Amino acid sequence: MNSSTSPTFAIGSRAPAVVTRAAGPIDDEGSLVDEELTVDAPTGHDILVEVAAVSVNPVDVKVRAGGGFVDKVIGWDASGVVTAVGPDVTLFQPGDEVWYAGSITRTGSYARMQLVDERIVGRKPSRLSHAEAAAMPLTTITAYEALFHKLKLNRDSTGTLLVLGAAGGVGSILIQLAKALTGVRVIATASRDETRAWVTEMGADAVANHRGDLAANVADVAPEGIDWVFTSQTGKNLPAIVELLKPFGEIVAIDDEAGLDLLSLKAKALSWHWELMFTRSAQHTADMVLQHQLLNEVADLVDAGRIRTTLTRTFSPLNAEQLRAAHALVETGSSIGKTVVAAEVALAS
């Protein structure tokens, strides 16, 4: 989609942004602070985007609280409008509506104007508002890479996939992608009535309670065993995962658990994969453009009505106060789907 609106903030002017000033608790007003930053001109493959909405991911909470990103703009999910392009850009032009996650090595999306490499940006689905679109890029890239680049699933794949942490942002889109683009049966884990309802709405074929005896609960709905596991909750669940997987099964994980007993995978010759969607942009790999391509593919699925947004909560406007509120919600670890902060109500729609 091409927009005829003029950019709100010109190159060389100053535009609002939210900067981390203090690590630790989100209720410290120094955790996220309103600032104004100079709008730089794009160079090379960069495009300059006027950000309309961002979402808050667990990674935002982790890096903000941990202190490694003090005095920086964080945030890795955005939807907005291209206002200028670098000399090497071929994929976009000013006025295009886009969605992306960006790179953890560069200035983040908690800013009204952001520079981002075109090769990790996709066209925004036309049927979604900016707020609905901003909920999805990071989790979509993570889920897509996990399913199709790591587990190598395809349209002919059959078998059973277990999704731990299924009601979260990644799980919510991963279930949808698995059902839209493969023939696998999806078992989702959830424990509350509202999360069970949510993962069922996302398309899960069956739901197992991850509280109590996970192996027994999953075996009740998948007595034949599991072929693949996606997990954001490995830790204490690894023994159950190993028990449930068939020989030669595969695991793809996104969490940061230390001290995992990976030797326990050997008896069944299980395969372990790490998924980190920032790897391509941070390492500047030769195939970075795959993230552009997959975001466009999912945009087509959204516009065809086969994939839906995972947005469940919107804050506005895009400032430090509203971002702190969004962080506080995500920090609870019990939110469903995705939380978004929109620059303005008008821009969100």
# chains A, B, ... in the order shown; residues from 1 in each chain; ligands from 1

$ residues_around --residues "region 20-25 of chain A" --least-positions-apart "2" --cutoff "8 Å" --atoms "only C-alpha atoms" --output "ChimeraX atom specification"
/A:18,27-28,30-33,64-67,69-74

$ write_last_selection --atoms "N, CA and C atoms" --output "mmCIF file, in the first residue's frame"
data_model
loop_
_atom_site.group_PDB
_atom_site.id
_atom_site.type_symbol
_atom_site.label_atom_id
_atom_site.label_comp_id
_atom_site.auth_asym_id
_atom_site.auth_seq_id
_atom_site.Cartn_x
_atom_site.Cartn_y
_atom_site.Cartn_z
ATOM 1 N N VAL A 18 11.844 7.340 23.038
ATOM 2 C CA VAL A 18 11.875 6.915 24.435
ATOM 3 C C VAL A 18 13.187 6.183 24.668
ATOM 4 N N ASP A 27 8.967 0.400 37.427
ATOM 5 C CA ASP A 27 8.314 1.521 38.096
ATOM 6 C C ASP A 27 9.287 2.643 38.433
ATOM 7 N N ASP A 28 10.580 2.456 38.164
ATOM 8 C CA ASP A 28 11.546 3.543 38.244
ATOM 9 C C ASP A 28 11.330 4.435 37.023
ATOM 10 N N GLY A 30 13.110 6.423 35.656
ATOM 11 C CA GLY A 30 14.285 6.485 34.803
ATOM 12 C C GLY A 30 14.425 5.292 33.884
ATOM 13 N N SER A 31 13.579 4.284 34.064
ATOM 14 C CA SER A 31 13.685 3.088 33.222
ATOM 15 C C SER A 31 13.433 3.433 31.764
ATOM 16 N N LEU A 32 12.444 4.232 31.499
ATOM 17 C CA LEU A 32 12.121 4.695 30.151
ATOM 18 C C LEU A 32 11.772 6.172 30.231
ATOM 19 N N VAL A 33 12.440 6.994 29.419
ATOM 20 C CA VAL A 33 12.345 8.446 29.537
ATOM 21 C C VAL A 33 12.093 9.061 28.163
ATOM 22 N N ARG A 64 15.997 -4.135 28.889
ATOM 23 C CA ARG A 64 15.805 -2.882 29.633
ATOM 24 C C ARG A 64 16.144 -3.069 31.110
ATOM 25 N N ALA A 65 15.701 -4.156 31.692
ATOM 26 C CA ALA A 65 15.959 -4.399 33.114
ATOM 27 C C ALA A 65 17.404 -4.788 33.376
ATOM 28 N N GLY A 66 18.047 -5.428 32.395
ATOM 29 C CA GLY A 66 19.380 -5.958 32.612
ATOM 30 C C GLY A 66 20.495 -4.939 32.627
ATOM 31 N N GLY A 67 20.265 -3.771 32.046
ATOM 32 C CA GLY A 67 21.259 -2.710 32.120
ATOM 33 C C GLY A 67 22.209 -2.616 30.951
ATOM 34 N N PHE A 69 21.509 -1.959 27.947
ATOM 35 C CA PHE A 69 21.032 -1.027 26.927
ATOM 36 C C PHE A 69 20.686 0.338 27.526
ATOM 37 N N VAL A 70 21.345 0.723 28.618
ATOM 38 C CA VAL A 70 21.104 2.036 29.212
ATOM 39 C C VAL A 70 21.543 3.121 28.240
ATOM 40 N N ASP A 71 20.765 4.203 28.179
ATOM 41 C CA ASP A 71 21.001 5.345 27.287
ATOM 42 C C ASP A 71 20.818 4.978 25.820
ATOM 43 N N LYS A 72 19.966 4.001 25.563
ATOM 44 C CA LYS A 72 19.681 3.601 24.193
ATOM 45 C C LYS A 72 18.170 3.552 23.957
ATOM 46 N N VAL A 73 17.792 3.604 22.691
ATOM 47 C CA VAL A 73 16.411 3.373 22.282
ATOM 48 C C VAL A 73 16.271 1.884 21.998
ATOM 49 N N ILE A 74 15.381 1.209 22.710
ATOM 50 C CA ILE A 74 15.158 -0.213 22.482
ATOM 51 C C ILE A 74 13.849 -0.388 21.710
#

$ select_by_dssp --residues "region 76-318 of chain A" --states "helix (DSSP H, G or I)" --output "ChimeraX atom specification"
/A:118-120,130-134,137-150,169-181,193-202,214-221,235-244,262-268,279-282,289-303

$ residues_around --residues "Lys124 (chain A)" --least-positions-apart "2" --cutoff "6 Å" --atoms "only C-alpha atoms" --output "ChimeraX atom specification"
/A:97-99

$ write_last_selection --atoms "C-alpha atoms" --output "CSV table (one decimal), in the first residue's frame"
chain,number,residue,atom,x,y,z
A,97,GLU,CA,3.5,1.0,4.6
A,98,VAL,CA,5.8,-1.5,6.3
A,99,TRP,CA,6.2,-3.9,9.3

$ closest_residue --among "A:Ala197, A:Ala325, A:Ala282, A:Ala304" --to "Leu128 (chain A)" --atoms "only C-alpha atoms"
A:Ala304

$ closest_residue --among "A:Val56, A:Ala78, A:Ala320, A:Leu161" --to "Val121 (chain A)" --atoms "only C-alpha atoms"
A:Ala78

$ residues_around --residues "Lys338 (chain A)" --least-positions-apart "5" --cutoff "6 Å" --atoms "only C-alpha atoms" --output "VMD selection string"
chain A and resid 135 169 310 to 312

$ atom_distance --atom1 "CA of Ile254 (chain A)" --atom2 "CA of Leu181 (chain A)"
21.0 Å

$ select_by_dssp --residues "region 69-310 of chain A" --states "strand (DSSP E)" --output "ChimeraX atom specification"
/A:78-85,97-100,113-117,121-123,160-163,185-189,206-208,226-231,245-253,271-274

$ write_last_selection --atoms "N, CA and C atoms" --output "short mmCIF file (atom, residue, chain, number, x, y, z; two decimals), in the first residue's frame"
data_model
loop_
_atom_site.label_atom_id
_atom_site.label_comp_id
_atom_site.auth_asym_id
_atom_site.auth_seq_id
_atom_site.Cartn_x
_atom_site.Cartn_y
_atom_site.Cartn_z
N ALA A 78 7.68 -2.98 14.81
CA ALA A 78 7.09 -1.70 14.42
C ALA A 78 6.27 -1.85 13.15
N SER A 79 5.32 -0.93 13.01
CA SER A 79 4.59 -0.75 11.77
C SER A 79 4.56 0.75 11.49
N GLY A 80 4.76 1.11 10.24
CA GLY A 80 4.80 2.54 9.93
C GLY A 80 4.87 2.80 8.44
N VAL A 81 5.31 4.01 8.09
CA VAL A 81 5.31 4.46 6.70
C VAL A 81 6.72 4.92 6.32
N VAL A 82 7.21 4.46 5.18
CA VAL A 82 8.52 4.87 4.67
C VAL A 82 8.45 6.34 4.26
N THR A 83 9.42 7.14 4.75
CA THR A 83 9.45 8.57 4.39
C THR A 83 10.64 8.93 3.51
N ALA A 84 11.69 8.11 3.52
CA ALA A 84 12.87 8.35 2.68
C ALA A 84 13.63 7.04 2.55
N VAL A 85 14.42 6.92 1.48
CA VAL A 85 15.17 5.69 1.24
C VAL A 85 16.62 6.01 0.90
N GLU A 97 3.72 1.39 3.25
CA GLU A 97 3.46 0.96 4.62
C GLU A 97 4.19 -0.35 4.87
N VAL A 98 4.92 -0.41 6.00
CA VAL A 98 5.81 -1.54 6.26
C VAL A 98 5.65 -2.04 7.68
N TRP A 99 6.13 -3.29 7.90
CA TRP A 99 6.22 -3.87 9.25
C TRP A 99 7.55 -4.59 9.37
N TYR A 100 8.12 -4.62 10.55
CA TYR A 100 9.46 -5.18 10.72
C TYR A 100 9.78 -5.31 12.20
N MET A 113 10.74 8.14 14.50
CA MET A 113 11.46 7.96 13.24
C MET A 113 12.58 6.94 13.45
N GLN A 114 12.67 5.96 12.55
CA GLN A 114 13.65 4.90 12.71
C GLN A 114 14.28 4.52 11.38
N LEU A 115 15.59 4.30 11.39
CA LEU A 115 16.29 3.77 10.24
C LEU A 115 16.38 2.25 10.37
N VAL A 116 16.08 1.54 9.29
CA VAL A 116 16.12 0.08 9.32
C VAL A 116 16.50 -0.43 7.93
N ASP A 117 17.23 -1.52 7.88
CA ASP A 117 17.66 -2.12 6.62
C ASP A 117 16.47 -2.71 5.87
N VAL A 121 12.67 -5.96 6.25
CA VAL A 121 11.38 -5.25 6.33
C VAL A 121 10.43 -5.86 5.32
N GLY A 122 9.15 -5.98 5.69
CA GLY A 122 8.13 -6.46 4.77
C GLY A 122 7.04 -5.43 4.56
N ARG A 123 6.21 -5.68 3.57
CA ARG A 123 5.06 -4.80 3.36
C ARG A 123 4.02 -5.09 4.42
N THR A 160 3.08 -34.80 14.65
CA THR A 160 2.54 -34.03 15.78
C THR A 160 3.59 -33.07 16.30
N LEU A 161 3.17 -31.81 16.45
CA LEU A 161 4.01 -30.73 16.97
C LEU A 161 3.47 -30.30 18.32
N LEU A 162 4.33 -30.28 19.34
CA LEU A 162 3.96 -29.79 20.66
C LEU A 162 4.50 -28.37 20.81
N VAL A 163 3.64 -27.45 21.24
CA VAL A 163 4.01 -26.05 21.41
C VAL A 163 3.89 -25.69 22.88
N ARG A 185 -0.37 -31.98 13.11
CA ARG A 185 -1.30 -31.80 14.21
C ARG A 185 -0.60 -31.00 15.30
N VAL A 186 -1.25 -29.97 15.82
CA VAL A 186 -0.63 -29.08 16.80
C VAL A 186 -1.25 -29.31 18.18
N ILE A 187 -0.40 -29.66 19.15
CA ILE A 187 -0.80 -29.77 20.54
C ILE A 187 -0.25 -28.54 21.26
N ALA A 188 -1.10 -27.72 21.85
CA ALA A 188 -0.68 -26.52 22.56
C ALA A 188 -0.77 -26.75 24.06
N THR A 189 0.15 -26.15 24.82
CA THR A 189 0.04 -26.23 26.28
C THR A 189 -0.54 -24.94 26.82
N ALA A 206 -5.43 -29.67 19.82
CA ALA A 206 -5.69 -30.17 21.17
C ALA A 206 -4.88 -29.32 22.15
N VAL A 207 -5.31 -29.32 23.41
CA VAL A 207 -4.65 -28.52 24.44
C VAL A 207 -4.31 -29.43 25.61
N ALA A 208 -3.07 -29.30 26.13
CA ALA A 208 -2.64 -30.07 27.30
C ALA A 208 -2.20 -29.09 28.38
N ILE A 226 5.28 -37.57 20.19
CA ILE A 226 5.46 -36.26 19.57
C ILE A 226 6.63 -36.33 18.60
N ASP A 227 6.49 -35.65 17.45
CA ASP A 227 7.58 -35.61 16.46
C ASP A 227 8.47 -34.38 16.62
N TRP A 228 7.86 -33.24 16.98
CA TRP A 228 8.60 -31.99 17.10
C TRP A 228 8.10 -31.22 18.32
N VAL A 229 9.00 -30.47 18.93
CA VAL A 229 8.63 -29.60 20.05
C VAL A 229 9.17 -28.21 19.81
N PHE A 230 8.31 -27.22 19.96
CA PHE A 230 8.74 -25.82 20.05
C PHE A 230 8.59 -25.41 21.50
N THR A 231 9.66 -24.83 22.08
CA THR A 231 9.58 -24.48 23.49
C THR A 231 10.17 -23.11 23.80
N LEU A 245 9.01 -37.18 23.11
CA LEU A 245 9.46 -37.23 21.73
C LEU A 245 9.72 -38.65 21.26
N LYS A 246 9.36 -38.93 20.02
CA LYS A 246 9.70 -40.19 19.39
C LYS A 246 11.21 -40.19 19.07
N PRO A 247 11.80 -41.36 18.87
CA PRO A 247 13.19 -41.40 18.43
C PRO A 247 13.39 -40.55 17.16
N PHE A 248 14.51 -39.84 17.13
CA PHE A 248 14.88 -38.94 16.03
C PHE A 248 14.00 -37.69 15.98
N GLY A 249 13.27 -37.42 17.05
CA GLY A 249 12.48 -36.20 17.11
C GLY A 249 13.35 -34.96 17.21
N GLU A 250 12.72 -33.78 17.11
CA GLU A 250 13.46 -32.53 17.08
C GLU A 250 12.86 -31.49 18.01
N ILE A 251 13.73 -30.68 18.59
CA ILE A 251 13.34 -29.61 19.51
C ILE A 251 13.90 -28.30 18.98
N VAL A 252 13.08 -27.25 18.98
CA VAL A 252 13.58 -25.91 18.69
C VAL A 252 13.19 -25.02 19.87
N ALA A 253 14.19 -24.31 20.42
CA ALA A 253 13.99 -23.54 21.65
C ALA A 253 14.37 -22.09 21.44
N SER A 271 17.33 -34.18 18.05
CA SER A 271 18.05 -33.02 17.54
C SER A 271 17.60 -31.77 18.28
N TRP A 272 18.57 -30.90 18.57
CA TRP A 272 18.32 -29.64 19.28
C TRP A 272 18.64 -28.46 18.37
N HIS A 273 17.73 -27.49 18.29
CA HIS A 273 17.95 -26.29 17.50
C HIS A 273 17.72 -25.05 18.38
N TRP A 274 18.61 -24.07 18.26
CA TRP A 274 18.33 -22.76 18.83
C TRP A 274 17.72 -21.89 17.73
#

$ atom_distance --atom1 "CA of Pro7 (chain A)" --atom2 "CA of Thr90 (chain A)"
20.2 Å

$ residues_around --residues "region 51-53 of chain A" --least-positions-apart "3" --cutoff "8 Å" --atoms "only C-alpha atoms" --output "VMD selection string"
chain A and resid 78 to 81 109 111 to 114 130 to 131 134 318 340 to 344 347 to 348

$ write_last_selection --atoms "C-alpha atoms" --output "PDB file, in the first residue's frame"
ATOM      1  CA  ALA A  78       7.088  -1.703  14.417  1.00  0.00           C
ATOM      2  CA  SER A  79       4.592  -0.745  11.770  1.00  0.00           C
ATOM      3  CA  GLY A  80       4.801   2.542   9.932  1.00  0.00           C
ATOM      4  CA  VAL A  81       5.313   4.465   6.698  1.00  0.00           C
ATOM      5  CA  SER A 109      11.586   1.217  17.446  1.00  0.00           C
ATOM      6  CA  ALA A 111      10.973   6.346  18.395  1.00  0.00           C
ATOM      7  CA  ARG A 112       8.756   8.177  15.945  1.00  0.00           C
ATOM      8  CA  MET A 113      11.456   7.957  13.243  1.00  0.00           C
ATOM      9  CA  GLN A 114      13.654   4.896  12.713  1.00  0.00           C
ATOM     10  CA  HIS A 130      -0.750  -0.293  12.218  1.00  0.00           C
ATOM     11  CA  ALA A 131      -1.425  -1.449  15.777  1.00  0.00           C
ATOM     12  CA  ALA A 134       3.014  -4.005  14.944  1.00  0.00           C
ATOM     13  CA  LEU A 318       3.859   6.279  22.100  1.00  0.00           C
ATOM     14  CA  VAL A 340       1.091  -2.746  21.449  1.00  0.00           C
ATOM     15  CA  VAL A 341       1.744   0.960  21.986  1.00  0.00           C
ATOM     16  CA  ALA A 342       0.392   3.160  19.177  1.00  0.00           C
ATOM     17  CA  ALA A 343       1.755   6.635  18.436  1.00  0.00           C
ATOM     18  CA  GLU A 344      -1.741   8.052  18.059  1.00  0.00           C
ATOM     19  CA  LEU A 347      -2.196   6.166  13.246  1.00  0.00           C
ATOM     20  CA  ALA A 348      -3.170   2.892  14.842  1.00  0.00           C
TER      21      ALA A 348
END

$ residues_around --residues "Ala215 (chain A)" --least-positions-apart "3" --cutoff "7 Å" --atoms "only C-alpha atoms" --output "short mmCIF file (atom, residue, chain, number, x, y, z; two decimals) with C-alpha atoms, in the first residue's frame"
data_model
loop_
_atom_site.label_atom_id
_atom_site.label_comp_id
_atom_site.auth_asym_id
_atom_site.auth_seq_id
_atom_site.Cartn_x
_atom_site.Cartn_y
_atom_site.Cartn_z
CA VAL A 218 0.38 -34.46 26.72
CA ALA A 219 0.30 -38.24 26.42
CA ALA A 240 9.14 -34.49 29.90
CA GLU A 243 10.08 -38.61 27.28
CA LEU A 244 7.36 -37.45 24.89
#

$ decode --residues "region 82-172 of chain A" --atoms "C-alpha atoms" --output "PDB file, in the first residue's frame"
ATOM      1  CA  VAL A  82       8.518   4.873   4.673  1.00  0.00           C
ATOM      2  CA  THR A  83       9.449   8.569   4.386  1.00  0.00           C
ATOM      3  CA  ALA A  84      12.869   8.350   2.682  1.00  0.00           C
ATOM      4  CA  VAL A  85      15.175   5.692   1.241  1.00  0.00           C
ATOM      5  CA  GLY A  86      18.932   5.206   0.928  1.00  0.00           C
ATOM      6  CA  PRO A  87      20.689   5.144  -2.465  1.00  0.00           C
ATOM      7  CA  ASP A  88      20.917   1.338  -2.601  1.00  0.00           C
ATOM      8  CA  VAL A  89      17.266   0.644  -1.713  1.00  0.00           C
ATOM      9  CA  THR A  90      15.277  -1.320  -4.307  1.00  0.00           C
ATOM     10  CA  LEU A  91      12.456  -2.902  -2.290  1.00  0.00           C
ATOM     11  CA  PHE A  92      10.572   0.172  -1.035  1.00  0.00           C
ATOM     12  CA  GLN A  93       9.771   3.776  -1.822  1.00  0.00           C
ATOM     13  CA  PRO A  94       8.453   6.715   0.211  1.00  0.00           C
ATOM     14  CA  GLY A  95       4.800   6.215   1.133  1.00  0.00           C
ATOM     15  CA  ASP A  96       4.981   2.432   1.467  1.00  0.00           C
ATOM     16  CA  GLU A  97       3.464   0.961   4.620  1.00  0.00           C
ATOM     17  CA  VAL A  98       5.809  -1.543   6.261  1.00  0.00           C
ATOM     18  CA  TRP A  99       6.221  -3.872   9.250  1.00  0.00           C
ATOM     19  CA  TYR A 100       9.459  -5.179  10.718  1.00  0.00           C
ATOM     20  CA  ALA A 101      11.360  -6.209  13.857  1.00  0.00           C
ATOM     21  CA  GLY A 102      14.661  -4.476  13.121  1.00  0.00           C
ATOM     22  CA  SER A 103      18.073  -5.360  14.531  1.00  0.00           C
ATOM     23  CA  ILE A 104      19.133  -5.648  18.166  1.00  0.00           C
ATOM     24  CA  THR A 105      22.472  -4.056  17.208  1.00  0.00           C
ATOM     25  CA  ARG A 106      20.842  -0.784  16.090  1.00  0.00           C
ATOM     26  CA  THR A 107      18.571   1.916  17.466  1.00  0.00           C
ATOM     27  CA  GLY A 108      15.186   0.394  18.262  1.00  0.00           C
ATOM     28  CA  SER A 109      11.586   1.217  17.446  1.00  0.00           C
ATOM     29  CA  TYR A 110      10.606   3.240  20.545  1.00  0.00           C
ATOM     30  CA  ALA A 111      10.973   6.346  18.395  1.00  0.00           C
ATOM     31  CA  ARG A 112       8.756   8.177  15.945  1.00  0.00           C
ATOM     32  CA  MET A 113      11.456   7.957  13.243  1.00  0.00           C
ATOM     33  CA  GLN A 114      13.654   4.896  12.713  1.00  0.00           C
ATOM     34  CA  LEU A 115      16.295   3.766  10.238  1.00  0.00           C
ATOM     35  CA  VAL A 116      16.117   0.078   9.316  1.00  0.00           C
ATOM     36  CA  ASP A 117      17.664  -2.116   6.616  1.00  0.00           C
ATOM     37  CA  GLU A 118      15.160  -2.803   3.831  1.00  0.00           C
ATOM     38  CA  ARG A 119      16.194  -6.478   3.677  1.00  0.00           C
ATOM     39  CA  ILE A 120      14.566  -7.260   7.044  1.00  0.00           C
ATOM     40  CA  VAL A 121      11.382  -5.254   6.327  1.00  0.00           C
ATOM     41  CA  GLY A 122       8.133  -6.460   4.773  1.00  0.00           C
ATOM     42  CA  ARG A 123       5.058  -4.799   3.357  1.00  0.00           C
ATOM     43  CA  LYS A 124       2.364  -4.246   5.975  1.00  0.00           C
ATOM     44  CA  PRO A 125      -0.736  -6.386   5.456  1.00  0.00           C
ATOM     45  CA  SER A 126      -3.336  -4.076   3.952  1.00  0.00           C
ATOM     46  CA  ARG A 127      -6.193  -5.473   6.022  1.00  0.00           C
ATOM     47  CA  LEU A 128      -4.461  -4.715   9.339  1.00  0.00           C
ATOM     48  CA  SER A 129      -4.223  -1.431  11.208  1.00  0.00           C
ATOM     49  CA  HIS A 130      -0.750  -0.293  12.218  1.00  0.00           C
ATOM     50  CA  ALA A 131      -1.425  -1.449  15.777  1.00  0.00           C
ATOM     51  CA  GLU A 132      -2.580  -4.884  14.601  1.00  0.00           C
ATOM     52  CA  ALA A 133       0.480  -5.182  12.350  1.00  0.00           C
ATOM     53  CA  ALA A 134       3.014  -4.005  14.944  1.00  0.00           C
ATOM     54  CA  ALA A 135       2.046  -6.933  17.171  1.00  0.00           C
ATOM     55  CA  MET A 136       3.473  -9.488  14.783  1.00  0.00           C
ATOM     56  CA  PRO A 137       6.890  -9.093  13.061  1.00  0.00           C
ATOM     57  CA  LEU A 138       9.352 -10.355  15.715  1.00  0.00           C
ATOM     58  CA  THR A 139       7.165 -13.287  16.710  1.00  0.00           C
ATOM     59  CA  THR A 140       6.328 -14.075  13.085  1.00  0.00           C
ATOM     60  CA  ILE A 141       9.993 -14.189  12.067  1.00  0.00           C
ATOM     61  CA  THR A 142      10.814 -16.320  15.111  1.00  0.00           C
ATOM     62  CA  ALA A 143       7.991 -18.770  14.473  1.00  0.00           C
ATOM     63  CA  TYR A 144       8.593 -18.973  10.729  1.00  0.00           C
ATOM     64  CA  GLU A 145      12.332 -19.584  11.108  1.00  0.00           C
ATOM     65  CA  ALA A 146      11.686 -22.174  13.829  1.00  0.00           C
ATOM     66  CA  LEU A 147       9.183 -24.140  11.759  1.00  0.00           C
ATOM     67  CA  PHE A 148      10.618 -23.868   8.269  1.00  0.00           C
ATOM     68  CA  HIS A 149      14.324 -23.032   8.593  1.00  0.00           C
ATOM     69  CA  LYS A 150      15.112 -25.171  11.651  1.00  0.00           C
ATOM     70  CA  LEU A 151      12.557 -28.018  11.746  1.00  0.00           C
ATOM     71  CA  LYS A 152      12.330 -27.986   7.932  1.00  0.00           C
ATOM     72  CA  LEU A 153       8.552 -28.492   7.926  1.00  0.00           C
ATOM     73  CA  ASN A 154       6.662 -28.009   4.675  1.00  0.00           C
ATOM     74  CA  ARG A 155       3.220 -28.383   3.163  1.00  0.00           C
ATOM     75  CA  ASP A 156       3.648 -32.174   2.960  1.00  0.00           C
ATOM     76  CA  SER A 157       4.715 -32.567   6.609  1.00  0.00           C
ATOM     77  CA  THR A 158       2.529 -34.735   8.822  1.00  0.00           C
ATOM     78  CA  GLY A 159       3.008 -35.753  12.425  1.00  0.00           C
ATOM     79  CA  THR A 160       2.542 -34.029  15.776  1.00  0.00           C
ATOM     80  CA  LEU A 161       4.013 -30.732  16.968  1.00  0.00           C
ATOM     81  CA  LEU A 162       3.963 -29.787  20.659  1.00  0.00           C
ATOM     82  CA  VAL A 163       4.015 -26.050  21.411  1.00  0.00           C
ATOM     83  CA  LEU A 164       5.042 -25.016  24.932  1.00  0.00           C
ATOM     84  CA  GLY A 165       4.190 -21.449  25.906  1.00  0.00           C
ATOM     85  CA  ALA A 166       1.507 -21.522  23.247  1.00  0.00           C
ATOM     86  CA  ALA A 167      -0.552 -18.525  24.433  1.00  0.00           C
ATOM     87  CA  GLY A 168       2.397 -16.132  24.238  1.00  0.00           C
ATOM     88  CA  GLY A 169       3.338 -13.989  21.284  1.00  0.00           C
ATOM     89  CA  VAL A 170       5.459 -16.537  19.421  1.00  0.00           C
ATOM     90  CA  GLY A 171       3.217 -19.499  20.219  1.00  0.00           C
ATOM     91  CA  SER A 172       0.138 -17.617  19.023  1.00  0.00           C
TER      92      SER A 172
END
